[in-house]
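start-v6.tsv, holding TSV, C-alpha atoms:
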chain	number	residue	atom	x	y	z
A	27	MET	CA	13.82	30.42	-27.56
A	28	THR	CA	12.06	27.11	-27.51
A	29	ASP	CA	10.86	27.50	-23.97
A	30	HIS	CA	7.45	28.99	-24.17
A	31	SER	CA	5.39	30.21	-21.32
A	32	PRO	CA	2.47	27.89	-20.64
A	33	SER	CA	0.09	30.78	-20.60
A	34	GLU	CA	1.27	31.84	-24.03
A	35	LEU	CA	0.83	28.45	-25.54
A	36	ALA	CA	-2.29	27.15	-23.90
A	37	PRO	CA	-4.50	29.98	-22.75
A	38	ASP	CA	-7.52	27.94	-23.75
A	39	ASP	CA	-6.54	25.16	-21.38
A	40	VAL	CA	-6.20	27.59	-18.53
A	41	ALA	CA	-9.57	29.08	-19.33
A	42	LEU	CA	-11.20	25.67	-19.60
A	43	ILE	CA	-9.74	24.58	-16.28
A	44	ALA	CA	-11.13	27.73	-14.67
A	45	ARG	CA	-14.52	27.05	-16.22
A	46	TRP	CA	-14.49	23.48	-15.00
A	47	ARG	CA	-13.53	24.62	-11.53
A	48	GLY	CA	-16.48	26.96	-11.74
A	49	GLY	CA	-18.76	24.03	-12.32
A	50	GLU	CA	-18.98	23.83	-16.10
A	51	GLU	CA	-18.81	20.13	-16.85
A	52	ARG	CA	-18.57	20.71	-20.57
A	53	ALA	CA	-15.15	22.25	-20.04
A	54	ALA	CA	-13.82	18.88	-18.85
A	55	THR	CA	-15.17	17.21	-21.95
A	56	LEU	CA	-13.47	19.77	-24.15
A	57	LEU	CA	-10.17	19.25	-22.37
A	58	VAL	CA	-10.44	15.49	-22.78
A	59	GLU	CA	-11.29	15.75	-26.45
A	60	ARG	CA	-8.44	18.16	-27.02
A	61	HIS	CA	-5.71	16.13	-25.39
A	62	ALA	CA	-6.83	12.50	-25.52
A	63	GLN	CA	-5.29	11.71	-28.88
A	64	GLY	CA	-1.95	13.24	-27.99
A	65	ILE	CA	-1.87	11.31	-24.74
A	66	ALA	CA	-2.73	8.14	-26.64
A	67	ARG	CA	0.14	8.69	-29.08
A	68	PHE	CA	2.52	9.25	-26.22
A	69	ILE	CA	1.38	6.12	-24.44
A	70	ALA	CA	1.74	4.10	-27.61
A	71	SER	CA	5.18	5.54	-28.21
A	72	LEU	CA	6.21	4.18	-24.83
A	73	GLY	CA	5.34	0.72	-26.02
A	74	GLU	CA	1.80	0.25	-24.73
A	75	ARG	CA	-0.38	-1.63	-27.21
A	76	ASP	CA	-3.29	-3.15	-25.37
A	77	ASP	CA	-4.74	-0.67	-22.93
A	78	VAL	CA	-4.07	2.70	-24.48
A	79	GLU	CA	-7.64	3.94	-24.16
A	80	GLU	CA	-7.87	2.77	-20.57
A	81	VAL	CA	-4.67	4.54	-19.63
A	82	VAL	CA	-5.89	7.71	-21.33
A	83	GLN	CA	-9.11	7.52	-19.36
A	84	ASP	CA	-7.31	6.89	-16.08
A	85	THR	CA	-5.02	9.81	-16.84
A	86	PHE	CA	-7.91	12.22	-17.08
A	87	VAL	CA	-9.71	10.80	-14.07
A	88	ARG	CA	-6.60	11.25	-11.98
A	89	ALA	CA	-5.92	14.66	-13.43
A	90	PHE	CA	-9.37	16.03	-12.72
A	91	GLY	CA	-9.41	14.40	-9.31
A	92	SER	CA	-6.15	16.14	-8.46
A	93	LEU	CA	-6.60	19.38	-10.32
A	94	ASP	CA	-6.09	21.38	-7.15
A	95	SER	CA	-2.46	20.30	-7.20
A	96	PHE	CA	-1.99	21.67	-10.70
A	97	ARG	CA	-0.41	25.07	-10.25
A	98	GLY	CA	0.11	25.95	-13.87
A	99	GLU	CA	3.90	25.82	-13.68
A	100	SER	CA	3.86	23.54	-16.68
A	101	THR	CA	1.26	23.32	-19.38
A	102	PHE	CA	-1.80	21.21	-18.72
A	103	ARG	CA	-0.73	18.95	-21.57
A	104	THR	CA	2.69	18.37	-20.06
A	105	TRP	CA	1.06	17.63	-16.73
A	106	LEU	CA	-1.24	15.12	-18.37
A	107	LEU	CA	1.70	13.46	-20.09
A	108	THR	CA	3.46	13.13	-16.76
A	109	ILE	CA	0.42	11.50	-15.20
A	110	ALA	CA	0.07	9.18	-18.18
A	111	ARG	CA	3.69	8.11	-17.98
A	112	ASN	CA	3.44	7.38	-14.27
A	113	LEU	CA	0.22	5.45	-14.68
A	114	LEU	CA	1.71	3.44	-17.50
A	115	ARG	CA	4.79	2.70	-15.48
A	116	ASP	CA	2.69	1.52	-12.55
A	117	ARG	CA	0.64	-0.62	-14.90
A	118	GLN	CA	3.68	-2.16	-16.51
A	119	ARG	CA	5.20	-2.85	-13.13
A	120	GLY	CA	1.98	-4.49	-12.13
A	121	ARG	CA	2.20	-6.85	-15.02
A	122	LYS	CA	5.49	-8.03	-13.63
A	123	ARG	CA	6.92	-8.55	-17.00
A	124	ALA	CA	10.63	-8.43	-17.33
A	125	LYS	CA	10.39	-6.92	-20.72
A	126	LEU	CA	8.07	-4.06	-21.50
A	127	HIS	CA	5.98	-3.92	-24.62
A	128	VAL	CA	8.60	-2.25	-26.71
A	129	GLU	CA	8.62	-4.36	-29.81
A	130	ILE	CA	6.00	-3.55	-32.31
A	131	GLN	CA	4.00	-6.55	-33.33
A	132	ASP	CA	4.33	-7.56	-36.93
A	133	GLY	CA	0.71	-6.95	-37.77
A	134	ASP	CA	0.48	-3.46	-36.36
A	135	ILE	CA	2.18	-1.58	-39.12
A	136	VAL	CA	0.34	-3.37	-41.85
A	137	SER	CA	-3.08	-3.15	-40.22
A	138	SER	CA	-2.81	0.58	-39.59
A	139	SER	CA	-1.88	1.16	-43.19
A	140	ASP	CA	-4.35	-1.18	-44.81
A	141	ALA	CA	-6.32	1.64	-46.35
A	142	LEU	CA	-3.27	2.87	-48.19
A	143	GLU	CA	-1.69	-0.45	-48.93
A	144	GLY	CA	-0.30	-0.76	-52.39
A	145	THR	CA	0.37	2.89	-52.81
A	146	VAL	CA	3.70	4.60	-52.71
A	147	ALA	CA	2.54	6.74	-49.83
A	148	ALA	CA	1.69	3.69	-47.82
A	149	GLU	CA	5.05	2.13	-48.46
A	150	THR	CA	6.82	5.30	-47.49
A	151	GLU	CA	4.80	5.67	-44.33
A	152	GLN	CA	5.34	2.06	-43.43
A	153	ARG	CA	9.06	2.47	-43.90
A	154	LEU	CA	9.09	5.57	-41.74
A	155	ARG	CA	7.06	3.95	-39.01
A	156	ALA	CA	9.29	0.94	-39.08
A	157	ALA	CA	12.28	3.21	-38.67
A	158	VAL	CA	10.69	4.89	-35.68
A	159	GLU	CA	9.92	1.54	-34.14
A	160	THR	CA	13.60	0.67	-34.09
A	161	LEU	CA	14.16	3.45	-31.56
A	162	SER	CA	14.38	2.81	-27.85
A	163	PRO	CA	11.17	3.63	-25.93
A	164	MET	CA	12.79	6.77	-24.53
A	165	GLN	CA	14.00	7.93	-27.92
A	166	ARG	CA	10.68	7.13	-29.52
A	167	SER	CA	8.58	8.91	-26.92
A	168	ILE	CA	10.78	12.01	-27.01
A	169	PHE	CA	10.89	12.05	-30.79
A	170	THR	CA	7.11	11.62	-30.97
A	171	LEU	CA	6.45	14.41	-28.50
A	172	ARG	CA	8.81	16.69	-30.36
A	173	VAL	CA	7.45	16.05	-33.83
A	174	THR	CA	3.74	15.49	-33.20
A	175	GLU	CA	3.13	17.83	-30.29
A	176	GLY	CA	5.95	20.28	-30.92
A	177	LEU	CA	6.88	20.24	-27.25
A	178	SER	CA	10.02	22.02	-26.16
A	179	TYR	CA	12.84	20.04	-24.64
A	180	LYS	CA	11.95	21.50	-21.28
A	181	GLU	CA	8.36	20.29	-21.57
A	182	ILE	CA	9.51	16.90	-22.79
A	183	ALA	CA	11.93	16.59	-19.89
A	184	ILE	CA	9.06	17.14	-17.46
A	185	ALA	CA	6.81	14.69	-19.28
A	186	VAL	CA	9.29	11.83	-19.49
A	187	GLY	CA	11.03	12.49	-16.19
A	188	SER	CA	14.39	13.39	-17.63
A	189	THR	CA	16.51	16.49	-18.14
A	190	GLU	CA	16.32	19.06	-20.86
A	191	GLY	CA	19.81	18.17	-22.07
A	192	ALA	CA	19.09	14.47	-22.12
A	193	ALA	CA	15.88	15.07	-24.07
A	194	ARG	CA	17.81	17.04	-26.66
A	195	VAL	CA	20.42	14.30	-27.02
A	196	HIS	CA	17.74	11.62	-27.31
A	197	TYR	CA	15.96	13.58	-30.00
A	198	HIS	CA	19.06	14.07	-32.12
A	199	ASN	CA	20.12	10.45	-31.67
A	200	ALA	CA	16.66	9.40	-32.73
A	201	MET	CA	16.80	11.57	-35.81
A	202	ARG	CA	20.17	10.14	-36.74
A	203	ALA	CA	18.97	6.58	-36.22
A	204	ILE	CA	15.90	7.14	-38.38
A	205	ARG	CA	17.99	8.60	-41.15
A	206	GLU	CA	20.34	5.66	-41.06
A	207	LYS	CA	17.47	3.23	-41.11
A	208	ILE	CA	15.84	4.91	-44.07
A	209	ASP	CA	19.10	5.07	-45.99
A	210	GLU	CA	19.73	1.35	-45.58
B	28	MET	CA	25.60	18.37	-48.43
B	29	SER	CA	26.64	21.34	-46.33
B	30	GLU	CA	26.24	20.93	-42.60
B	31	CYS	CA	24.08	23.29	-40.62
B	32	THR	CA	25.96	25.83	-38.57
B	33	ASN	CA	22.91	27.28	-36.85
B	34	GLY	CA	21.88	24.78	-34.23
B	35	GLU	CA	19.28	27.11	-32.80
B	36	MET	CA	17.37	27.25	-36.06
B	37	ARG	CA	17.73	23.55	-36.61
B	38	ASP	CA	16.34	22.89	-33.16
B	39	LEU	CA	13.16	24.70	-34.13
B	40	LEU	CA	12.34	22.48	-37.09
B	41	PRO	CA	9.96	20.27	-35.08
B	42	GLU	CA	8.13	23.35	-33.84
B	43	LEU	CA	7.90	24.54	-37.43
B	44	VAL	CA	6.44	21.22	-38.53
B	45	SER	CA	3.94	21.12	-35.68
B	46	GLY	CA	2.93	24.73	-36.17
B	47	ARG	CA	3.94	25.93	-32.74
B	48	LEU	CA	6.06	28.84	-33.83
B	49	GLY	CA	4.86	32.40	-33.84
B	50	ALA	CA	4.56	34.09	-37.20
B	51	GLU	CA	7.79	36.05	-36.85
B	52	MET	CA	9.84	33.08	-35.73
B	53	GLN	CA	8.33	30.90	-38.41
B	54	LEU	CA	9.53	33.30	-41.10
B	55	GLU	CA	12.98	33.33	-39.56
B	56	VAL	CA	13.26	29.55	-39.51
B	57	GLU	CA	11.90	29.22	-43.02
B	58	ALA	CA	14.46	31.75	-44.22
B	59	HIS	CA	17.21	29.66	-42.65
B	60	VAL	CA	15.88	26.47	-44.17
B	61	ALA	CA	15.88	28.10	-47.60
B	62	GLU	CA	19.64	28.54	-47.29
B	63	CYS	CA	20.56	25.40	-45.34
B	64	GLU	CA	20.64	22.15	-47.26
B	65	GLU	CA	20.85	19.95	-44.18
B	66	CYS	CA	17.91	21.63	-42.49
B	67	ALA	CA	15.90	21.50	-45.71
B	68	GLU	CA	16.44	17.77	-45.87
B	69	GLU	CA	15.63	17.31	-42.21
B	70	LEU	CA	12.50	19.39	-42.55
B	71	GLU	CA	11.39	17.24	-45.46
B	72	LEU	CA	11.94	14.12	-43.40
B	73	LEU	CA	10.04	15.56	-40.45
B	74	ARG	CA	7.13	16.51	-42.68
B	75	ALA	CA	7.03	12.96	-43.98
B	76	LEU	CA	7.31	11.46	-40.50
B	77	ARG	CA	4.69	13.56	-38.80
B	78	PRO	CA	1.61	12.07	-40.50
B	79	ALA	CA	2.93	8.59	-39.78
B	80	LEU	CA	3.47	9.45	-36.14
B	81	MET	CA	0.19	11.30	-35.85
B	82	ARG	CA	-1.65	8.17	-36.91
B	83	GLY	CA	-1.64	6.87	-33.38
B	84	PRO	CA	-3.87	4.28	-31.78
B	85	ALA	CA	-7.55	4.65	-32.49
B	86	ILE	CA	-9.38	5.98	-29.48
B	87	ASP	CA	-12.82	7.45	-28.93
B	88	ALA	CA	-12.25	10.74	-27.17
B	89	ALA	CA	-15.96	11.39	-26.65
B	90	LYS	CA	-16.38	8.01	-25.04
B	91	ILE	CA	-13.40	8.64	-22.80
B	92	ALA	CA	-14.79	12.03	-21.83
B	93	ALA	CA	-18.13	10.45	-20.87
B	94	ALA	CA	-16.38	7.72	-18.89
B	95	VAL	CA	-14.22	10.23	-17.08
B	96	ARG	CA	-17.23	12.27	-16.09
B	97	ALA	CA	-19.06	9.16	-14.89
B	98	GLN	CA	-16.09	8.07	-12.81
B	99	LEU	CA	-15.73	11.46	-11.21
B	100	LEU	CA	-19.40	11.52	-10.31
B	101	ALA	CA	-19.31	7.95	-9.01
B	102	SER	CA	-16.36	8.71	-6.79
B	103	SER	CA	-18.27	11.58	-5.17
B	104	GLN	CA	-15.85	14.11	-6.50
B	105	PRO	CA	-17.85	17.31	-6.30
B	106	VAL	CA	-17.88	18.95	-9.68
B	107	ARG	CA	-19.29	22.20	-8.43
B	108	GLY	CA	-17.90	24.16	-5.52
B	109	ARG	CA	-14.99	21.80	-5.62
B	110	ALA	CA	-12.94	23.04	-2.70
B	111	ALA	CA	-14.64	22.97	0.66
B	112	PRO	CA	-14.26	26.41	2.24
B	113	MET	CA	-11.76	26.53	5.06
B	114	TRP	CA	-14.30	27.96	7.46
B	115	SER	CA	-16.55	24.95	7.06
B	116	LEU	CA	-13.66	22.63	7.78
B	117	ARG	CA	-12.83	24.64	10.86
B	118	ILE	CA	-16.43	24.42	12.07
B	119	ALA	CA	-16.40	20.68	11.55
B	120	ALA	CA	-13.15	20.30	13.42
B	121	ALA	CA	-14.39	22.48	16.28
B	122	ALA	CA	-17.61	20.48	16.54
B	123	ILE	CA	-15.74	17.21	16.70
B	124	LEU	CA	-13.39	18.54	19.36
B	125	ALA	CA	-16.31	19.89	21.38
B	126	VAL	CA	-18.16	16.59	21.29
B	127	GLY	CA	-15.01	14.76	22.31
B	128	ALA	CA	-14.36	17.15	25.19
B	129	ILE	CA	-17.93	16.85	26.46
B	130	GLY	CA	-17.71	13.10	26.30
B	131	ILE	CA	-14.49	12.99	28.25
B	132	ALA	CA	-15.75	15.45	30.83
B	133	TYR	CA	-18.92	13.49	31.50
B	134	ALA	CA	-17.07	10.24	31.50
B	135	LEU	CA	-14.85	11.53	34.27
B	136	ARG	CA	-17.77	12.97	36.21
B	137	GLY	CA	-19.85	9.88	35.76
B	138	ARG	CA	-17.09	7.67	37.08
B	139	SER	CA	-16.92	9.56	40.36
B	140	ALA	CA	-20.70	9.87	40.70
B	141	THR	CA	-21.71	6.27	40.20
B	142	PRO	CA	-21.35	5.13	43.85
B	143	GLU	CA	-23.40	8.14	44.95
B	144	VAL	CA	-26.29	7.07	42.75
B	145	ALA	CA	-26.27	3.61	44.19
B	146	VAL	CA	-26.44	4.90	47.77
B	147	THR	CA	-29.11	7.47	47.11
B	148	HIS	CA	-31.56	5.59	44.99
B	149	ALA	CA	-31.19	2.02	45.92
B	150	PRO	CA	-30.59	1.57	49.57
B	151	GLY	CA	-30.26	-2.03	50.36
B	152	ALA	CA	-30.53	-3.01	46.75
B	153	GLN	CA	-27.80	-4.48	44.65
B	154	MET	CA	-26.78	-2.07	41.95
B	155	PRO	CA	-25.61	-3.79	38.84
B	156	ASP	CA	-22.01	-3.38	37.89
B	157	LEU	CA	-23.10	-2.45	34.42
B	158	PRO	CA	-26.41	-0.86	33.46
B	159	VAL	CA	-27.22	-3.51	30.91
B	160	PRO	CA	-30.61	-2.74	29.35
B	161	ASP	CA	-33.17	-5.16	30.70
B	162	SER	CA	-36.17	-5.75	28.45
B	163	SER	CA	-38.12	-7.28	31.33
B	164	ARG	CA	-38.43	-3.98	33.14
B	165	THR	CA	-41.94	-2.80	33.71
B	166	ALA	CA	-41.23	0.70	32.44
B	167	PRO	CA	-39.25	0.58	29.17
B	168	ALA	CA	-36.73	3.38	28.96
B	169	PRO	CA	-37.27	5.95	26.27
B	170	VAL	CA	-34.51	6.48	23.79
B	171	GLN	CA	-33.21	9.58	25.49
B	172	GLN	CA	-33.49	8.23	28.98
B	173	VAL	CA	-31.18	5.99	30.83
B	174	ALA	CA	-32.75	3.79	33.46
B	175	VAL	CA	-30.72	3.16	36.52
B	176	ALA	CA	-33.30	1.04	38.29
B	177	PRO	CA	-32.13	-2.03	40.10
B	178	PRO	CA	-32.68	-5.42	38.53
B	179	GLN	CA	-36.12	-6.98	38.56
B	180	ALA	CA	-35.41	-9.33	41.44
B	181	ALA	CA	-34.34	-6.54	43.73
B	182	SER	CA	-37.44	-4.53	42.86
B	183	THR	CA	-39.66	-7.39	43.72
B	184	SER	CA	-38.19	-7.78	47.16
B	185	THR	CA	-38.27	-4.08	47.88
B	186	PRO	CA	-41.28	-2.68	46.02
B	187	SER	CA	-41.09	0.62	47.84
B	188	VAL	CA	-37.82	1.53	46.18
B	189	PRO	CA	-38.65	3.95	43.38
B	190	THR	CA	-37.29	3.50	39.95
B	191	THR	CA	-35.01	6.38	39.12
B	192	VAL	CA	-34.70	7.67	35.60
B	193	ALA	CA	-32.11	10.19	34.59
B	194	SER	CA	-33.17	12.51	31.84
B	195	VAL	CA	-30.40	12.95	29.35
B	196	GLY	CA	-32.27	15.18	26.98
B	197	ALA	CA	-32.49	17.98	29.51
B	198	LEU	CA	-28.78	17.67	30.26
B	199	ASP	CA	-29.49	17.54	33.95
B	200	ASN	CA	-28.36	14.81	36.25
B	201	LEU	CA	-25.79	13.78	33.71
B	202	SER	CA	-23.47	13.01	36.56
B	203	ASP	CA	-25.75	10.08	37.26
B	204	LEU	CA	-24.58	8.36	34.11
B	205	SER	CA	-22.21	5.50	34.37
B	206	ASP	CA	-19.13	5.10	32.19
B	207	ASP	CA	-20.93	2.91	29.71
B	208	ASP	CA	-23.86	5.27	29.49
B	209	VAL	CA	-21.50	8.09	28.72
B	210	ARG	CA	-19.68	6.02	26.16
B	211	THR	CA	-22.95	5.14	24.46
B	212	LEU	CA	-24.02	8.76	24.45
B	213	THR	CA	-20.64	9.93	23.15
B	214	ALA	CA	-20.65	7.36	20.40
B	215	SER	CA	-24.06	8.47	19.24
B	216	LEU	CA	-22.97	12.10	19.28
B	217	ASN	CA	-19.83	11.27	17.36
B	218	GLY	CA	-21.95	9.50	14.80
B	219	MET	CA	-23.80	12.70	14.01
B	220	SER	CA	-22.68	14.67	10.99
B	221	ALA	CA	-20.37	17.45	12.01
B	222	VAL	CA	-20.51	19.18	8.64
B	223	PRO	CA	-23.52	21.31	7.94
B	224	SER	CA	-25.64	19.53	5.36
B	225	GLY	CA	-25.65	22.57	3.13
B	226	GLU	CA	-21.88	22.56	2.82
B	227	PRO	CA	-19.93	20.39	0.41
B	228	ALA	CA	-18.14	17.52	2.02
B	229	PRO	CA	-14.36	17.76	2.26
B	230	GLU	CA	-12.77	16.94	-1.05
B	231	ILE	CA	-11.75	13.35	-1.53
B	232	ASP	CA	-9.31	12.19	-4.13
B	233	PRO	CA	-11.34	9.58	-6.05
B	234	LEU	CA	-8.35	7.43	-6.68
B	235	GLY	CA	-6.55	8.08	-3.45
B	236	ALA	CA	-3.75	9.72	-5.35
B	237	THR	CA	-1.29	11.90	-3.60
B	238	LEU	CA	0.54	14.13	-5.96
B	239	ASP	CA	3.80	15.78	-5.31
B	240	ASP	CA	3.96	19.27	-6.70
B	241	GLN	CA	3.57	19.33	-10.46
B	242	SER	CA	4.78	15.85	-11.12
B	243	ALA	CA	1.46	14.24	-10.57
B	244	GLY	CA	0.50	10.70	-11.20
B	245	GLY	CA	1.43	7.36	-9.81
B	246	THR	CA	4.32	6.46	-7.68
B	247	ARG	CA	7.45	8.05	-8.81
Can the structure from this file be put into structure tokens for me?
Amino acid sequence: MTDHSPSELAPDDVALIARWRGGEERAATLLVERHAQGIARFIASLGERDDVEEVVQDTFVRAFGSLDSFRGESTFRTWLLTIARNLLRDRQRGRKRAKLHVEIQDGDIVSSSDALEGTVAAETEQRLRAAVETLSPMQRSIFTLRVTEGLSYKEIAIAVGSTEGAARVHYHNAMRAIREKIDE
Amino acid sequence: MSECTNGEMRDLLPELVSGRLGAEMQLEVEAHVAECEECAEELELLRALRPALMRGPAIDAAKIAAAVRAQLLASSQPVRGRAAPMWSLRIAAAAILAVGAIGIAYALRGRSATPEVAVTHAPGAQMPDLPVPDSSRTAPAPVQQVAVAPPQAASTSTPSVPTTVASVGALDNLSDLSDDDVRTLTASLNGMSAVPSGEPAPEIDPLGATLDDQSAGGTR
């Protein structure tokens, strides 16, 4: 029931891709503007802090440069997420760091909530974000994709390079971990 | 709190929060949530989490879009008429093969004909092993002509020996060409564009990416 046909969910993407293939450059811009933020959230959920925008840009450059290999078997968004993940992995390997950027830096939560600081809403959001940050990168990325993008487990499995069953387990473990953290 | 016994409905809570459910399914899930305490609590938590998660890193999508377009243009990725038609690729391949075949054929013919040229046109004169262009010749060779005259010293001693010039442009006497002449000619032919100028060049991946099926991206 949660597995939706790509054409049902993203007919606009398919149409925009066709328009871009037909030479309409504006279609590419629309696709970028539509998906860039979601890609950025996904990249951040995987632990990237410094070069999110650059990875997003590289993702679209590679996607448009390889669009002929996109056969529409997954949604365009899922395909973009897959490219983003692979690019990020290559980038992190290139850094040759033993530990990936998984820990959130102390200042991040506070700085992103500055505008709401002092309010109850800000405190609640900060607590929730802190709970999410305790998740493993895999749990966090799957949970983020599920809650922000509403992706099915099948789509998530493609995006993160896992299985549908594993994605489901990661999601539920993440939910349980967040609950426990909040209840502390 | 009563535990949820309908895992299917519970699984759809994220879709409900993100607005990805159809109208009918949305009503069904909402009806379940109204009766399920655990799902109601989870839905409340998801609705609280979503804004926090949505507040991702600040990026400028318009700027990214402009940069992407610039990179695609800079990498010669054709935006219009993206895929080169198969027939144009076939023409290009056929042209390259034809040029190569002609070059090989004349190279073979030229190799066997070289001694004949020396006997016919320069009796008693020393033919050079290689027809190295000599700028001191009295009659400079045009671009499309290959001079096979003997060296200057030989000409001086035997002024009656005519200077022989093989015309390449007319494609006659090509058998008079030596191996190096043929190689030079073949190289210049190979250097010519084999794709009609009005056709788009074969598509080139700007980043040199090779993508396996739908799992595109970097190395897997």
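Separating atom CA of A:Gly64 from atom CA of B:Met36 is a distance of 25.2 Å.
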Do me a favour and pick out the residues of chain A within 8 Å of chain B, using only C-alpha atoms, as an MDAnalysis selection string.
chainID A and resid 28 46:51 54:55 58:59 62:63 66:67 70 78:79 82:92 95:97 99:100 105 108:113 116 151:152 154:155 170 172:177 184
What's the separation between atom CA of B:Glu65 and atom CA of A:Glu206, in Å to one decimal place?
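Computing the Euclidean distance for atom CA of B:Glu65 and atom CA of A:Glu206 yields 14.6 Å.
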Write out as a ChimeraX atom specification the residues lying within 9 Å of A:Phe102, counting all atoms listed in the file and excluding same-chain residues fewer than 3 positions away.
/A:32,36,39-40,43,96,98-99,105-107
Using all atoms listed in the file, can you tell me which of B:Arg210, B:Cys66, B:Val56, B:Ala61 comes closest to B:Ile131?
B:Arg210
At what distance in Å, to one decimal, does atom CA of A:Arg153 lie from atom CA of A:His61?
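Atom CA of A:Arg153 lies 27.3 Å from atom CA of A:His61.
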Of the listed residues A:Phe68, A:Ala157, A:Leu56, A:Ile168, that which approaches A:Glu210 most closely, counting all atoms listed in the file:
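Ranked by minimum distance to A:Glu210, first place goes to A:Ala157.
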Looking at all atoms listed in the file, which of B:Ile129, B:Ser29, B:Leu54, B:Leu135 is the one that sits closest to B:Glu68?
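Looking at the shortest contact to B:Glu68, the residue is B:Ser29.
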Please provide the set of residues having any atom within 8 Å of A:Leu114, restricted to only C-alpha atoms, with same-chain residues fewer than 4 positions apart removed, written as an MDAnalysis selection string.
chainID A and resid 69 74 81 110 118
